[in-house]
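Have a look at query_37.tsv; it's TSV, C-alpha atoms:
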```tsv
chain	number	residue	atom	x	y	z
A	1	MET	CA	55.90	43.27	61.13
A	2	LEU	CA	59.00	42.48	63.19
A	3	VAL	CA	60.06	38.82	62.98
A	4	LEU	CA	62.34	37.86	65.88
A	5	THR	CA	64.41	34.73	65.43
A	6	HIS	CA	67.55	33.01	66.66
A	7	GLU	CA	67.43	30.61	63.69
A	8	PHE	CA	67.65	32.07	60.20
A	9	ALA	CA	69.64	31.87	56.97
A	10	PRO	CA	72.28	30.72	56.29
A	11	SER	CA	71.25	28.08	58.86
A	12	LYS	CA	69.50	25.16	57.10
A	13	GLY	CA	67.44	23.69	59.92
A	14	GLY	CA	63.70	23.25	59.83
A	15	ILE	CA	62.99	26.25	62.08
A	16	ALA	CA	65.30	28.47	60.00
A	17	THR	CA	63.45	27.43	56.83
A	18	PHE	CA	60.08	27.93	58.54
A	19	THR	CA	61.05	31.45	59.60
A	20	GLU	CA	62.32	32.46	56.18
A	21	GLU	CA	59.31	31.08	54.33
A	22	MET	CA	56.74	32.61	56.68
A	23	ALA	CA	58.49	35.98	56.31
A	24	ARG	CA	58.42	35.62	52.52
A	25	ALA	CA	54.76	34.69	52.57
A	26	ALA	CA	53.86	37.58	54.88
A	27	THR	CA	55.54	39.92	52.41
A	28	GLN	CA	53.47	38.45	49.59
A	29	LEU	CA	50.36	39.13	51.67
A	30	GLY	CA	51.26	42.81	51.78
A	31	HIS	CA	52.94	43.06	55.18
A	32	GLU	CA	56.07	45.20	55.56
A	33	VAL	CA	58.44	42.68	57.13
A	34	GLU	CA	61.74	43.11	58.94
A	35	VAL	CA	63.55	40.04	60.28
A	36	TRP	CA	65.86	40.42	63.30
A	37	ALA	CA	68.32	37.53	63.17
A	38	PRO	CA	71.76	36.50	64.50
A	39	HIS	CA	74.87	37.81	62.82
A	40	ALA	CA	75.95	35.66	59.88
A	41	ARG	CA	78.88	35.59	57.51
A	42	ASN	CA	78.63	34.92	53.80
A	43	CYS	CA	74.89	35.50	53.55
A	44	ASP	CA	73.57	37.92	50.93
A	45	ASP	CA	70.63	39.49	52.77
A	46	GLU	CA	69.75	41.54	49.68
A	47	LYS	CA	68.27	38.41	48.10
A	48	PHE	CA	65.35	38.37	50.53
A	49	PRO	CA	62.13	40.24	49.68
A	50	PHE	CA	62.13	41.76	53.18
A	51	LEU	CA	64.57	43.69	55.36
A	52	VAL	CA	67.04	41.78	57.53
A	53	LYS	CA	68.60	43.31	60.62
A	54	ARG	CA	71.58	41.32	61.88
A	55	LEU	CA	72.13	41.39	65.62
A	56	LYS	CA	75.23	40.48	67.60
A	57	LEU	CA	73.78	37.13	68.62
A	58	LYS	CA	75.26	33.64	68.40
A	59	GLY	CA	71.84	32.14	67.84
A	60	SER	CA	72.43	29.70	70.68
A	61	GLN	CA	69.24	30.67	72.54
A	62	ASP	CA	71.22	30.79	75.79
A	63	ILE	CA	70.77	33.52	78.41
A	64	SER	CA	73.35	35.82	76.82
A	65	CYS	CA	71.47	35.74	73.49
A	66	GLN	CA	68.18	36.34	75.27
A	67	LEU	CA	69.60	39.37	77.10
A	68	LYS	CA	71.11	40.85	73.94
A	69	LEU	CA	67.80	40.52	72.14
A	70	ALA	CA	65.99	42.02	75.13
A	71	ARG	CA	68.32	45.04	75.11
A	72	GLU	CA	67.71	45.52	71.38
A	73	LEU	CA	63.95	45.46	71.93
A	74	ILE	CA	64.15	47.97	74.78
A	75	ALA	CA	66.31	50.30	72.67
A	76	ASN	CA	63.71	50.10	69.87
A	77	ARG	CA	60.61	50.14	72.10
A	78	ARG	CA	58.85	52.83	70.04
A	79	LEU	CA	59.15	50.67	66.91
A	80	VAL	CA	57.96	47.60	68.85
A	81	ARG	CA	54.82	49.43	70.04
A	82	GLN	CA	53.96	50.30	66.44
A	83	ALA	CA	54.59	46.82	65.01
A	84	ASP	CA	53.10	43.38	64.81
A	85	LEU	CA	55.62	41.15	66.59
A	86	TYR	CA	56.24	37.56	65.48
A	87	LEU	CA	58.25	35.18	67.68
A	88	THR	CA	59.28	32.18	65.59
A	89	ASP	CA	61.44	30.09	67.92
A	90	PRO	CA	62.38	29.49	71.57
A	91	GLY	CA	65.03	32.23	72.03
A	92	PRO	CA	62.73	35.21	71.30
A	93	ILE	CA	59.92	33.62	73.33
A	94	LEU	CA	62.22	33.37	76.35
A	95	ALA	CA	63.33	36.98	75.88
A	96	MET	CA	59.77	38.31	75.62
A	97	ARG	CA	58.39	36.32	78.55
A	98	LEU	CA	60.04	38.85	80.91
A	99	LEU	CA	59.77	41.95	78.73
A	100	GLN	CA	56.00	41.41	78.54
A	101	PHE	CA	55.71	43.06	81.95
A	102	LEU	CA	56.99	46.38	80.57
A	103	PRO	CA	54.02	48.46	79.30
A	104	THR	CA	56.30	50.28	76.84
A	105	LEU	CA	57.08	46.99	75.04
A	106	ARG	CA	53.60	45.86	74.07
A	107	PRO	CA	53.27	45.46	70.31
A	108	LYS	CA	50.13	46.14	68.29
A	109	LYS	CA	49.74	42.40	67.76
A	110	LEU	CA	51.68	39.37	68.96
A	111	PHE	CA	52.09	36.13	67.01
A	112	ILE	CA	54.03	33.08	68.26
A	113	THR	CA	54.97	29.72	66.71
A	114	PHE	CA	55.83	26.58	68.69
A	115	HIS	CA	57.59	23.72	66.87
A	116	GLY	CA	57.60	20.89	69.43
A	117	SER	CA	60.57	20.38	71.74
A	118	GLU	CA	60.40	23.83	73.34
A	119	THR	CA	56.89	23.07	74.59
A	120	GLN	CA	58.13	20.27	76.84
A	121	THR	CA	61.28	22.16	77.86
A	122	PHE	CA	59.34	25.27	78.90
A	123	ALA	CA	56.71	23.24	80.75
A	124	ALA	CA	59.35	21.40	82.81
A	125	ASN	CA	60.42	24.60	84.61
A	126	PRO	CA	57.68	26.05	86.87
A	127	PHE	CA	58.81	29.68	86.47
A	128	THR	CA	59.20	29.37	82.69
A	129	ARG	CA	55.84	27.61	82.45
A	130	LEU	CA	54.16	30.44	84.38
A	131	THR	CA	55.74	33.30	82.42
A	132	VAL	CA	55.31	31.66	79.01
A	133	ASN	CA	51.65	30.91	79.77
A	134	ARG	CA	51.16	34.57	80.65
A	135	LEU	CA	52.83	35.58	77.38
A	136	LEU	CA	50.46	33.28	75.50
A	137	LYS	CA	47.53	35.05	77.12
A	138	ARG	CA	48.75	38.25	75.48
A	139	ALA	CA	49.24	36.62	72.07
A	140	ASP	CA	46.71	37.32	69.34
A	141	ARG	CA	47.36	34.02	67.61
A	142	ILE	CA	49.63	31.01	68.15
A	143	SER	CA	50.62	28.49	65.51
A	144	THR	CA	52.12	25.01	65.32
A	145	PRO	CA	53.26	23.03	62.24
A	146	SER	CA	51.41	19.88	63.29
A	147	ALA	CA	48.36	18.72	65.23
A	148	TYR	CA	50.76	16.73	67.40
A	149	THR	CA	52.58	19.87	68.53
A	150	GLN	CA	49.28	21.71	68.94
A	151	SER	CA	48.08	19.00	71.32
A	152	LEU	CA	51.34	19.17	73.30
A	153	LEU	CA	51.07	22.95	73.53
A	154	GLU	CA	47.43	23.09	74.64
A	155	ARG	CA	47.97	20.41	77.30
A	156	ALA	CA	50.99	22.21	78.76
A	157	PHE	CA	49.76	25.79	78.40
A	158	PRO	CA	46.03	26.39	78.91
A	159	ALA	CA	46.35	29.96	77.58
A	160	ALA	CA	46.95	28.55	74.08
A	161	ARG	CA	43.54	26.91	73.93
A	162	GLY	CA	41.18	28.62	71.57
A	163	LYS	CA	43.85	30.70	69.85
A	164	SER	CA	46.23	28.06	68.42
A	165	ILE	CA	46.04	27.17	64.73
A	166	LEU	CA	47.87	24.82	62.37
A	167	THR	CA	50.41	26.31	59.95
A	168	PRO	CA	51.83	23.23	58.20
A	169	CYS	CA	55.25	23.27	56.59
A	170	ALA	CA	55.58	23.32	52.81
A	171	LEU	CA	58.46	22.98	50.37
A	172	GLY	CA	61.00	25.80	50.55
A	173	SER	CA	61.27	28.44	47.82
A	174	ASN	CA	64.80	27.40	46.85
A	175	PHE	CA	63.69	23.79	46.67
A	176	LEU	CA	60.80	24.58	44.35
A	177	GLU	CA	63.11	26.54	42.07
A	178	SER	CA	65.63	23.70	41.74
A	179	ASP	CA	65.35	21.22	38.90
A	180	THR	CA	67.69	18.29	39.44
A	181	PRO	CA	66.64	15.33	37.28
A	182	LYS	CA	66.40	11.89	38.85
A	183	GLN	CA	69.50	9.83	38.16
A	184	PRO	CA	69.19	6.34	36.61
A	185	PRO	CA	69.39	3.43	39.07
A	186	THR	CA	72.70	1.74	39.78
A	187	GLN	CA	73.51	-1.81	40.83
A	188	LYS	CA	73.41	-0.79	44.49
A	189	ILE	CA	70.38	0.63	46.28
A	190	ARG	CA	71.26	3.90	47.98
A	191	ILE	CA	69.58	4.74	51.28
A	192	LEU	CA	69.81	8.40	52.26
A	193	THR	CA	69.41	10.10	55.66
A	194	VAL	CA	69.42	13.91	55.91
A	195	GLY	CA	69.52	15.57	59.33
A	196	ARG	CA	71.95	16.91	61.89
A	197	LEU	CA	73.86	14.20	63.72
A	198	HIS	CA	71.83	14.04	66.92
A	199	PRO	CA	70.38	11.13	68.92
A	200	ARG	CA	66.82	12.29	68.18
A	201	LYS	CA	67.41	11.99	64.44
A	202	GLY	CA	67.92	8.24	64.79
A	203	GLN	CA	70.90	7.59	62.52
A	204	ALA	CA	72.05	4.99	65.05
A	205	ALA	CA	68.71	3.18	64.87
A	206	THR	CA	68.88	3.11	61.07
A	207	LEU	CA	72.44	1.77	61.12
A	208	GLU	CA	71.43	-0.92	63.60
A	209	ALA	CA	68.48	-1.99	61.44
A	210	LEU	CA	70.55	-2.13	58.26
A	211	ALA	CA	73.34	-4.06	60.00
A	212	ALA	CA	70.76	-6.69	61.00
A	213	LEU	CA	69.83	-7.40	57.37
A	214	PRO	CA	70.91	-10.69	55.80
A	215	LEU	CA	74.41	-10.45	54.30
A	216	ASP	CA	73.14	-10.70	50.72
A	217	LEU	CA	70.94	-7.63	51.25
A	218	GLN	CA	73.71	-5.72	53.02
A	219	LYS	CA	75.89	-6.16	49.94
A	220	ARG	CA	73.14	-4.64	47.78
A	221	ILE	CA	72.98	-1.29	49.62
A	222	GLU	CA	74.91	1.89	50.31
A	223	TYR	CA	73.96	4.05	53.28
A	224	TRP	CA	74.53	7.80	52.91
A	225	ILE	CA	74.39	10.04	55.98
A	226	VAL	CA	74.15	13.80	55.38
A	227	GLY	CA	74.15	16.43	58.08
A	228	PRO	CA	76.32	18.62	60.32
A	229	SER	CA	77.55	17.42	63.69
A	230	ASN	CA	77.04	19.46	66.85
A	231	ASP	CA	77.42	16.48	69.18
A	232	SER	CA	80.91	15.02	68.81
A	233	ARG	CA	80.22	12.06	71.11
A	234	TYR	CA	77.22	10.97	69.06
A	235	ALA	CA	79.11	11.52	65.79
A	236	ASN	CA	82.02	9.39	67.03
A	237	ARG	CA	79.60	6.70	68.15
A	238	LEU	CA	78.01	6.64	64.69
A	239	GLU	CA	81.36	6.34	62.95
A	240	ALA	CA	82.38	3.48	65.24
A	241	GLN	CA	79.03	1.79	64.66
A	242	ALA	CA	79.44	2.14	60.90
A	243	GLN	CA	82.95	0.68	60.98
A	244	ALA	CA	81.76	-2.30	63.01
A	245	ALA	CA	78.90	-3.05	60.62
A	246	ASN	CA	79.37	-4.96	57.40
A	247	LEU	CA	77.94	-2.02	55.43
A	248	ASP	CA	79.02	0.52	52.81
A	249	VAL	CA	78.48	3.76	54.77
A	250	THR	CA	79.44	7.30	53.72
A	251	PHE	CA	79.28	10.40	55.94
A	252	PHE	CA	78.93	13.51	53.79
A	253	GLY	CA	78.81	16.04	56.62
A	254	ASP	CA	77.16	19.38	55.93
A	255	THR	CA	76.53	19.92	52.21
A	256	SER	CA	75.60	22.80	49.95
A	257	ASP	CA	72.08	22.97	48.53
A	258	ASP	CA	73.38	21.89	45.11
A	259	GLN	CA	75.24	18.90	46.59
A	260	LEU	CA	72.18	17.85	48.55
A	261	ALA	CA	70.00	18.06	45.44
A	262	GLN	CA	72.40	15.73	43.66
A	263	LEU	CA	72.32	13.23	46.54
A	264	TYR	CA	68.51	13.27	46.55
A	265	ALA	CA	68.57	12.65	42.80
A	266	GLN	CA	70.95	9.69	43.14
A	267	ALA	CA	69.27	8.04	46.14
A	268	ASP	CA	66.68	5.24	45.99
A	269	ILE	CA	65.21	5.29	49.53
A	270	PHE	CA	64.98	8.00	52.19
A	271	ALA	CA	65.23	6.98	55.86
A	272	LEU	CA	64.97	9.23	58.91
A	273	ASN	CA	64.00	7.18	61.94
A	274	SER	CA	63.63	9.72	64.75
A	275	MET	CA	63.86	8.41	68.29
A	276	PRO	CA	62.62	9.57	71.71
A	277	PHE	CA	65.36	11.66	73.33
A	278	ARG	CA	64.87	13.50	76.62
A	279	LYS	CA	62.43	16.38	76.01
A	280	SER	CA	63.31	16.66	72.33
A	281	VAL	CA	60.56	15.68	69.89
A	282	GLU	CA	60.05	15.62	66.13
A	283	GLY	CA	57.30	18.20	65.68
A	284	PHE	CA	56.89	17.69	61.93
A	285	GLY	CA	59.93	17.11	59.72
A	286	LEU	CA	60.30	19.35	56.68
A	287	VAL	CA	62.97	17.05	55.26
A	288	TYR	CA	60.37	14.34	54.69
A	289	LEU	CA	58.55	16.65	52.25
A	290	GLU	CA	61.80	17.32	50.41
A	291	ALA	CA	62.50	13.60	50.08
A	292	ALA	CA	58.95	12.93	48.88
A	293	ALA	CA	59.19	15.74	46.32
A	294	HIS	CA	62.27	14.01	44.91
A	295	GLY	CA	60.23	10.85	44.52
A	296	LEU	CA	61.98	8.90	47.25
A	297	PRO	CA	60.03	6.20	49.11
A	298	ILE	CA	60.36	6.91	52.82
A	299	VAL	CA	61.03	4.72	55.84
A	300	ALA	CA	60.41	6.55	59.13
A	301	HIS	CA	59.49	6.00	62.74
A	302	ASP	CA	55.91	6.82	63.68
A	303	ILE	CA	56.79	9.35	66.35
A	304	GLY	CA	55.77	12.94	67.17
A	305	GLY	CA	54.35	14.74	64.14
A	306	VAL	CA	56.05	12.52	61.55
A	307	SER	CA	52.76	10.90	60.53
A	308	GLU	CA	51.65	14.37	59.35
A	309	ALA	CA	54.75	14.69	57.16
A	310	VAL	CA	54.68	11.12	55.78
A	311	SER	CA	51.54	9.31	54.63
A	312	HIS	CA	51.77	5.69	55.76
A	313	GLN	CA	51.52	3.25	52.84
A	314	GLN	CA	50.98	6.16	50.42
A	315	ASN	CA	54.45	7.64	50.05
A	316	GLY	CA	56.26	5.89	52.89
A	317	ILE	CA	56.15	3.24	55.60
A	318	LEU	CA	55.94	4.20	59.28
A	319	VAL	CA	57.30	1.90	61.97
A	320	ASP	CA	56.89	1.89	65.75
A	321	PRO	CA	60.23	3.19	67.13
A	322	SER	CA	60.30	0.41	69.72
A	323	ALA	CA	59.98	-2.33	67.06
A	324	ARG	CA	63.61	-2.84	66.06
A	325	GLU	CA	63.04	-6.12	64.23
A	326	GLU	CA	60.11	-4.60	62.31
A	327	LEU	CA	62.31	-1.76	61.06
A	328	THR	CA	64.81	-4.27	59.68
A	329	ALA	CA	61.95	-6.23	58.08
A	330	VAL	CA	60.61	-3.06	56.41
A	331	PHE	CA	64.05	-2.28	54.99
A	332	ALA	CA	64.34	-5.85	53.69
A	333	ARG	CA	60.94	-5.59	52.04
A	334	ILE	CA	61.51	-2.22	50.38
A	335	ILE	CA	65.00	-3.19	49.18
A	336	GLN	CA	63.70	-6.37	47.53
A	337	ASP	CA	60.43	-4.99	46.13
A	338	PRO	CA	60.96	-2.51	43.25
A	339	ASP	CA	57.20	-2.32	42.64
A	340	LEU	CA	56.66	-1.11	46.21
A	341	ARG	CA	59.43	1.48	45.84
A	342	ASN	CA	57.91	2.67	42.59
A	343	ARG	CA	54.40	3.00	44.05
A	344	LEU	CA	55.59	4.99	47.07
A	345	SER	CA	57.86	7.08	44.84
A	346	GLN	CA	55.08	8.11	42.45
A	347	ALA	CA	52.86	9.38	45.25
A	348	GLY	CA	55.59	11.52	46.81
A	349	PRO	CA	55.66	14.69	44.66
A	350	THR	CA	51.90	15.28	44.91
A	351	TRP	CA	51.92	14.67	48.68
A	352	ALA	CA	54.85	17.05	49.18
A	353	ARG	CA	53.12	19.92	47.40
A	354	GLN	CA	49.78	19.83	49.22
A	355	ASN	CA	50.69	22.63	51.66
A	356	SER	CA	51.39	26.29	50.90
A	357	TRP	CA	53.42	28.78	52.94
A	358	GLN	CA	51.13	31.59	51.82
A	359	GLU	CA	48.07	29.74	53.12
A	360	SER	CA	49.81	29.13	56.46
A	361	ALA	CA	50.88	32.78	56.72
A	362	GLU	CA	47.40	34.04	55.84
A	363	LYS	CA	45.87	31.89	58.57
A	364	LEU	CA	48.34	33.26	61.11
A	365	PHE	CA	48.65	36.93	60.12
A	366	GLY	CA	45.83	37.64	57.70
A	367	ARG	CA	46.33	39.97	54.74
A	368	ALA	CA	47.74	43.46	55.26
```
Starting from the file, give its structure as C-alpha cells.
Amino acid sequence: MLVLTHEFAPSKGGIATFTEEMARAATQLGHEVEVWAPHARNCDDEKFPFLVKRLKLKGSQDISCQLKLARELIANRRLVRQADLYLTDPGPILAMRLLQFLPTLRPKKLFITFHGSETQTFAANPFTRLTVNRLLKRADRISTPSAYTQSLLERAFPAARGKSILTPCALGSNFLESDTPKQPPTQKIRILTVGRLHPRKGQAATLEALAALPLDLQKRIEYWIVGPSNDSRYANRLEAQAQAANLDVTFFGDTSDDQLAQLYAQADIFALNSMPFRKSVEGFGLVYLEAAAHGLPIVAHDIGGVSEAVSHQQNGILVDPSAREELTAVFARIIQDPDLRNRLSQAGPTWARQNSWQESAEKLFGRA
C-alpha cells in the first residue's frame, strides 16, 4: 500500500495525525505500507512501523508540490500499478486527478479520504470539480471523518455516493502512551485553546467572549492560547485584542508534545470556538478528543463536524457561532459552576476513547 500525503510527521495537524494513524492501523491489519511524504528535518522515520519515503516537497499543496509528486509517480509507475494507492489529503488528490488519464498509472485499488475544507474548494472550480469527480468514480472506497463531511462530499461530487464511508478520528498513539497526571486546581481557572492561529479556529471569538465577562469573573481566569502561526496578520490582531482586553492572556506558540501534555494537565476548561471562514470548515476536530481524554470540560461552537467530536451536555457545551452573548453566558456559567465542570470532565475520557483507528482502517482497506 502506497500512502501519498503532503501532511505527515513531524507536522502536528489533524490531517498529519490522521495519515500517520491510518498507516499504523493498516500495518496492524497486515498491509505492507509505504508512506510518501514531504522532506522533513529532525524526524526519526525509523520509529514508524512502516516505510517512509521522503520526497523533495514543501508540503504546501501548491502546483509545484503537485507536479513533483506527479513526476515521482510517473517514475515509479510499475510500483503504482502493483499497489493499493491511498490519497489522504488535498495535494495528492490534485496530483492524481490528471494522472488518472494515464493507463500506466492505474493502481490495483484506490482509496481516498476527504476531511472537509477541500470538498468546498474543489467544488468551486468547474475543471477541478469535473476531474475530481472522475477520480472518485475510479476510487474503490472513499472515507470521511464525520457524517458532516460525508454529506458535503456527496452533495458536491455525485460519484462519491454509494462508496463513501465514515472513518472517525481516534486518540493518537503517542497520546495514548502518555501519562501526565492531572494537576491540582489553582486559585485561577485556566482556559486552554489548542490550534493553529487561523481565523477559522476562532481564538478571536473566544477572546471577545471572555472580554465581555463581568470584571469579577475576568479576574478569576487565565486564557492560554497554544498553536503555531502561519497568518501573521491574524496573529498580530489576536495579540492586539488580548492587550486591549482586561484579561490574563498567554500565547505559548508551537509546543512540544510534552509541553502540551503539561498544559492540558494544568488547564480547567478547553475552548475551541471555530468560526465560518471562506470555504474552510471544521470537518471533525481531533483536538477535542484530546481535551476530553484529559478530562477537560469543553466549550465549542456547533459548526461543521464539531458535534461529532463533542457531545453536547455530556462532555461539553456547544453554542451557535452567531450567538456571541450566549457564548459569554456559557463561559460565565462554567466558570462559576464547579459541579458542572466536574460532570463534563468525568464523561470526557470515556467519550474520547470510543473510536479506534484500527476499526476505521479495517472499514476502509479491509484486512490484508
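The space separating atom CA of A:Arg141 from atom CA of A:Ser11 comes to 26.1 Å.
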Exercise. Can you tell me, as a PyMOL selection string, which residues sit within 6 Å of (72.3, 33.3, 66.1) in the file's frame, using all atoms listed in the file?
Worked result: chain A and resi 6+38+57-60
Just-selected residues, C-alpha atoms written as a tab-separated table (two decimals), in the coordinates of the input:
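As written to disk, result-v8.tsv reads:
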```tsv
chain	number	residue	atom	x	y	z
A	6	HIS	CA	67.55	33.01	66.66
A	38	PRO	CA	71.76	36.50	64.50
A	57	LEU	CA	73.78	37.13	68.62
A	58	LYS	CA	75.26	33.64	68.40
A	59	GLY	CA	71.84	32.14	67.84
A	60	SER	CA	72.43	29.70	70.68
```
Problem set entry | Computed interatomic separation between atom CA of A:Arg138 and atom CA of A:Arg81 (Å) | 13.8 Å
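Residues in contact with A:Arg134 at 10 Å, where all atoms listed in the file are counted and same-chain residues fewer than 2 positions away are skipped, are listed as Arg97, Leu98, Gln100, Phe101, Thr128, Arg129, Leu130, Thr131, Val132, Leu136, Lys137, Arg138, Ala139, Phe157, Pro158, Ala159 and Ala160 of chain A.
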For this session: Excluding stretch 300-312 of chain A and residues on its chain fewer than 3 positions from it, collect all residues at most 9 Å away from it, counting all atoms listed in the file, and give them as a ChimeraX atom specification.
Result: /A:116,145-149,168-169,202,270-276,281-289,292,315-322,327,351-352
Exercise. Expressed in Å to a single decimal, how great is the separation between atom CA of A:Ala170 and atom CA of A:Pro49?
Worked result: 18.4 Å
Problem set entry | Among listed residues A:Phe114, A:Phe8, A:Phe127, A:Tyr264, nearest A:Ser151 (using all atoms listed in the file) | A:Phe114
Mind working out the centre and edge lengths of an axis-aligned box for stretch 239-248 of chain A, all listed atoms inside, 5 Å added to each side, rounded to one decimal in Å and written as JSON?
```
{"center_x": 80.4, "center_y": 0.7, "center_z": 59.0, "size_x": 15.0, "size_y": 21.3, "size_z": 22.4}
```
For this session: Give the answer as one residue: which of A:Ile189, A:Val3, A:Ala240, A:Val194 has the shortest atom-to-atom distance to A:Gln266, using all atoms listed in the file?
Result: A:Ile189
For this session: Using all atoms listed in the file, pick whichever of A:Asp258, A:Glu325, A:Glu7, A:Asp231 has the shortest atom-to-atom distance to A:Leu87.
Result: A:Glu7
Problem set entry | Ref. answer, residues at most 6 Å from (55.3, 28.4, 65.3) with all atoms listed in the file, as a ChimeraX atom specification | /A:88,112-115,143-144
For this session: List the neighbours of A:Asp254 out to 9 Å using all atoms listed in the file; skip same-chain residues closer than 6 positions along the sequence, and give me the result as a PyMOL selection string.
Result: chain A and resi 196+226-229
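Nearest-residue note for A:Arg24: choosing from A:Lys188, A:Lys53, A:Arg155, A:Gly172, the minimum distance belongs to A:Gly172, counting all atoms listed in the file.
Comparing the minimum interatomic distances between A:Gln336 and each of A:Ala244, A:Leu105, A:Leu210, A:Leu217, counting only C-alpha atoms, we find that A:Leu217 sits nearest.
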Residues within 10 Å of A:Leu171, only C-alpha atoms, excluding chain neighbours under 2 positions, as a compact mmCIF listing (two decimals) with C-alpha atoms, keeping the file's coordinate frame:
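As written to disk, selection26.txt reads:
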```
# COMPACT_ATOMS: atom_id res chain seq x y z
CA THR A 17 63.45 27.43 56.83
CA PHE A 18 60.08 27.93 58.54
CA GLU A 21 59.31 31.08 54.33
CA CYS A 169 55.25 23.27 56.59
CA SER A 173 61.27 28.44 47.82
CA ASN A 174 64.80 27.40 46.85
CA PHE A 175 63.69 23.79 46.67
CA LEU A 176 60.80 24.58 44.35
CA LEU A 286 60.30 19.35 56.68
CA VAL A 287 62.97 17.05 55.26
CA TYR A 288 60.37 14.34 54.69
CA LEU A 289 58.55 16.65 52.25
CA GLU A 290 61.80 17.32 50.41
CA ALA A 293 59.19 15.74 46.32
CA ALA A 352 54.85 17.05 49.18
CA ARG A 353 53.12 19.92 47.40
CA GLN A 354 49.78 19.83 49.22
CA ASN A 355 50.69 22.63 51.66
CA SER A 356 51.39 26.29 50.90
CA TRP A 357 53.42 28.78 52.94
```
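The residue that comes closest to A:Leu29, out of A:Arg200, A:Arg367, A:Lys279, A:Arg190 and on the basis of all atoms listed in the file, is A:Arg367.
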Problem set entry | Exercise: A:Leu207 partners within 10 Å, all atoms listed in the file, chain neighbours under 5 positions left out, as a VMD selection string | chain A and resid 202 212 223 225 238 241 to 242 245 247 249 328
